[in-house]
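Heads up: the structure comes next, in structure tokens.
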Amino acid sequence: MINSIISEIDSFDKVLILGYGREGKSTYNFIRKSLKDKHLYIADGNEELINKNPELTSDKNITLILGKNYLDNLDDYDLIIKSPGVNFKFIDYSSFENKITSQIDLFLRHSICKTIGVTGTKGKSTTSSLIYHVISNMHENTLFAGNIGIPVFEKIEEINEDTIFVLELSCHQLKFVKASPNISILLNLYEEHLDLYKSYEDYIFAKLNIFKYQKENDYKIWGLDSKDSVKYFKDSKNTYTYSTEETNKGVTIKEDGLYLNDKLVYLKNRKRNILGEHNYYNIAPVLIVADILKLDLDKVCDLVDTFKPLEHRLELVGNYKGIDFYNDSISTIPMTAINCVNAIENAYTIIIGGLDRGIDYGDLIDYLYNSNKIKVIICLKDTGYTIADLLEKKECNKKIFKAIDMKDAVRLAYENTEEGKACMLSPAAASYNTYKNFEERGKDYKNEILKQAR
């Protein structure tokens, strides 16, 4: 597998590594292990890149294109190995689209093992991690990589024909692929990443690539309870679905539990670590995958119960001054904030707001206005301030605050949340107006909780 990928790369004269973050650096190291003398081109917007990457200083067989014009003249290259973080929203790539590849594309096209790919607007980290947790405890040779933070080339030397490889796949990773996983899962579709895509439809089609190149004996798993998933749904021989509506083949989520092909396999009253009704939508595809792989379903259900929630995803930070603090910084769309409130029984205070990407917040505003749980709404820039203004126009009877920053938001939470109740950071917006990513936002929130608890 490694040899076939290297052979393909080596067959091109001018090879460009586009973007030199975590994945770009991984691509460079992967190529250099086998092709020590091949001339490579590296393009990145960071002009100081070479100062922070000493391996580039000693490499005489590279040409660096750095700074604000790094995306110019891309048609000059024979192969472009694109990192997912490089934004092509304002780039006309029609003349060189056939030259664009990526780690995920190269891996999927040359894979010798069974692959399970998970995508969706929300829930893909939890679902893919849950799948890996279950399968790795039942099949020794199981690997996990992708959007979870591990480039696939970091794991490629561990692969053999018996490997089951679980992949969390973002829309950016799927945008230019020409191959799809053996078992492909689309969880849901909601408005997201409108700052990075030409249109919502362009974003959706990137996601749908997870199915586009599947072969006859591959499997599709669709979550059908988001309206846009239903709109783009296509049935075929090996298609499974999951929904609260009756399904012909797959999982039906009913009041008492999850039914796989009409058989009750997972009771809702089981004791599990991941909270909230929305997490049944993460458990359902796990049951379908287990059925496809012919795993022991009783053991699968036991393993689902032992799975612990990931950091920044409905994470219980702790009880401080009588208040339960939850960190749901992964929340970047309205639906996730609504799910967060629904999941936490003693929800009382919510901290919302972040980067404005043109998403419609009407449903969230109506939900907060009518919520019997939420009494305090603490709003961060920029979307939070907009939500605060709209709620005040509706003469909302909640306590509404505009916080200066996270420190101020946590202070307001301590001062206004009743003892025995919960405060949740569930921003319903991206973090990039203030933070590098949602992880940094979540860590800042947790740090402030601990500081102000003293």
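Convention: chains lettered A, B, ... in structure tokens order; per-chain residue numbering from 1; ligands numbered from 1 as shown.
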
Within 8 Å of segment 3-10 of chain A, which residues of segment 44-122 of chain A come that close, and what is the closest atom pair and distance in Å for each? Count only C-alpha atoms and give it as a Markdown table.
| residue | atom | partner | partner_atom | distance |
| --- | --- | --- | --- | --- |
| A:Leu79 | CA | A:Ile9 | CA | 7.7 |
| A:Leu106 | CA | A:Ile5 | CA | 6.5 |
| A:Phe107 | CA | A:Ile5 | CA | 7.7 |
| A:His110 | CA | A:Ile5 | CA | 6.6 |

Please save C-alpha atoms of the selected residues as an mmCIF file, in the first residue's frame.
data_model
loop_
_atom_site.group_PDB
_atom_site.id
_atom_site.type_symbol
_atom_site.label_atom_id
_atom_site.label_comp_id
_atom_site.auth_asym_id
_atom_site.auth_seq_id
_atom_site.Cartn_x
_atom_site.Cartn_y
_atom_site.Cartn_z
ATOM 1 C CA LEU A 79 -0.014 17.031 -8.434
ATOM 2 C CA LEU A 106 -4.565 8.676 -1.625
ATOM 3 C CA PHE A 107 -5.274 6.410 1.326
ATOM 4 C CA HIS A 110 -4.838 2.538 -2.429
#

task = Using only C-alpha atoms, determine which residues lie at most 7 Å from segment 276-288 of chain A, disregarding the query and same-chain residues fewer than 3 positions distant; provide the list as a PyMOL selection string.
result = chain A and resi 123+126-127+131+242+250-251+291-292+339+342-343

Strand (DSSP E or B) call set, DSSP backbone run, segment 94-215 of chain A, as a PyMOL selection string = chain A and resi 100-101+114-119+142-146+150+164-168+183-186

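All residues within segment 173-266 of chain A that the backbone DSSP calculation assigns to alpha helix (DSSP H) are A:Gln173, A:Leu174, A:Tyr200, A:Glu201, A:Asp202, A:Tyr203, A:Ile204, A:Phe205, A:Ala206, A:Lys207, A:Leu208, A:Asn209, A:Ile210, A:Phe211, A:Lys212, A:Lys227, A:Asp228, A:Ser229, A:Val230, A:Lys231, A:Tyr232.
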
request  = Find the residues around Ile449 of chain A up to 7 Å (only C-alpha atoms counted), leave out those fewer than 4 positions away in its own chain, and share them as a PyMOL selection string.
outcome  = chain A and resi 410+445+453

Just N, CA and C atoms for this one: save the residues we selected as an mmCIF file, in the first residue's frame.
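Produced file part03.cif, reproduced below:
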data_model
loop_
_atom_site.group_PDB
_atom_site.id
_atom_site.type_symbol
_atom_site.label_atom_id
_atom_site.label_comp_id
_atom_site.auth_asym_id
_atom_site.auth_seq_id
_atom_site.Cartn_x
_atom_site.Cartn_y
_atom_site.Cartn_z
ATOM 1 N N VAL A 410 -18.127 33.680 32.675
ATOM 2 C CA VAL A 410 -18.104 32.760 33.818
ATOM 3 C C VAL A 410 -18.454 33.500 35.110
ATOM 4 N N TYR A 445 -12.769 28.298 29.007
ATOM 5 C CA TYR A 445 -13.964 28.204 29.858
ATOM 6 C C TYR A 445 -13.678 27.396 31.116
ATOM 7 N N ALA A 453 -13.578 29.721 41.066
ATOM 8 C CA ALA A 453 -14.136 28.908 42.141
ATOM 9 C C ALA A 453 -13.360 29.076 43.431
#

request  = Would you kindly return, as a list of chain:residue names, each protein, DNA or RNA residue with an atom no farther than 6 Å from any atom of segment 312-323 of chain A, considering only C-alpha atoms and excluding same-chain residues fewer than 3 positions away?
outcome  =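 Those residues are A:Tyr326, A:Asn327, A:Asp328, A:Ser329, A:Ile330, A:Glu419, A:Gly420, A:Lys421, A:Ala422, A:Gly442.
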